[in-house]
Amino acid sequence: MIEKLEEIANYLRGMCFDPRLPSEFKGYILAKVAELDAITEKLLEG
């Protein structure tokens, strides 16, 4: 499950390099990536 979360986060990070994507969407995506990173870290700790 942790690997899947990391895979999803990396995919979303990659989407942010698409110049066609409006900057407000990039900000939203990066905020969700930060949430996924936090969840992943908690799972790894516990």
# chains A, B, ... in the order shown; residues from 1 in each chain; ligands from 1
>>> select_by_dssp(residues="chain A", states="alpha helix (DSSP H)", output="PyMOL selection string")
chain A and resi 2-15+23-45
>>> closest_residue(among="A:Glu41, A:Phe25, A:Asp18, A:Ala31", to="Glu6 of chain A", atoms="only C-alpha atoms")
A:Glu41
>>> closest_residue(among="A:Leu30, A:Pro19, A:Glu35, A:Glu24", to="Leu5 of chain A", atoms="only C-alpha atoms")
A:Glu35
>>> closest_residue(among="A:Leu21, A:Ile29, A:Ala34, A:Ile2", to="Gly46 of chain A", atoms="only C-alpha atoms")
A:Ile2
>>> atom_distance(atom1="atom CA of Lys42 of chain A", atom2="atom CA of Phe17 of chain A")
27.2 Å
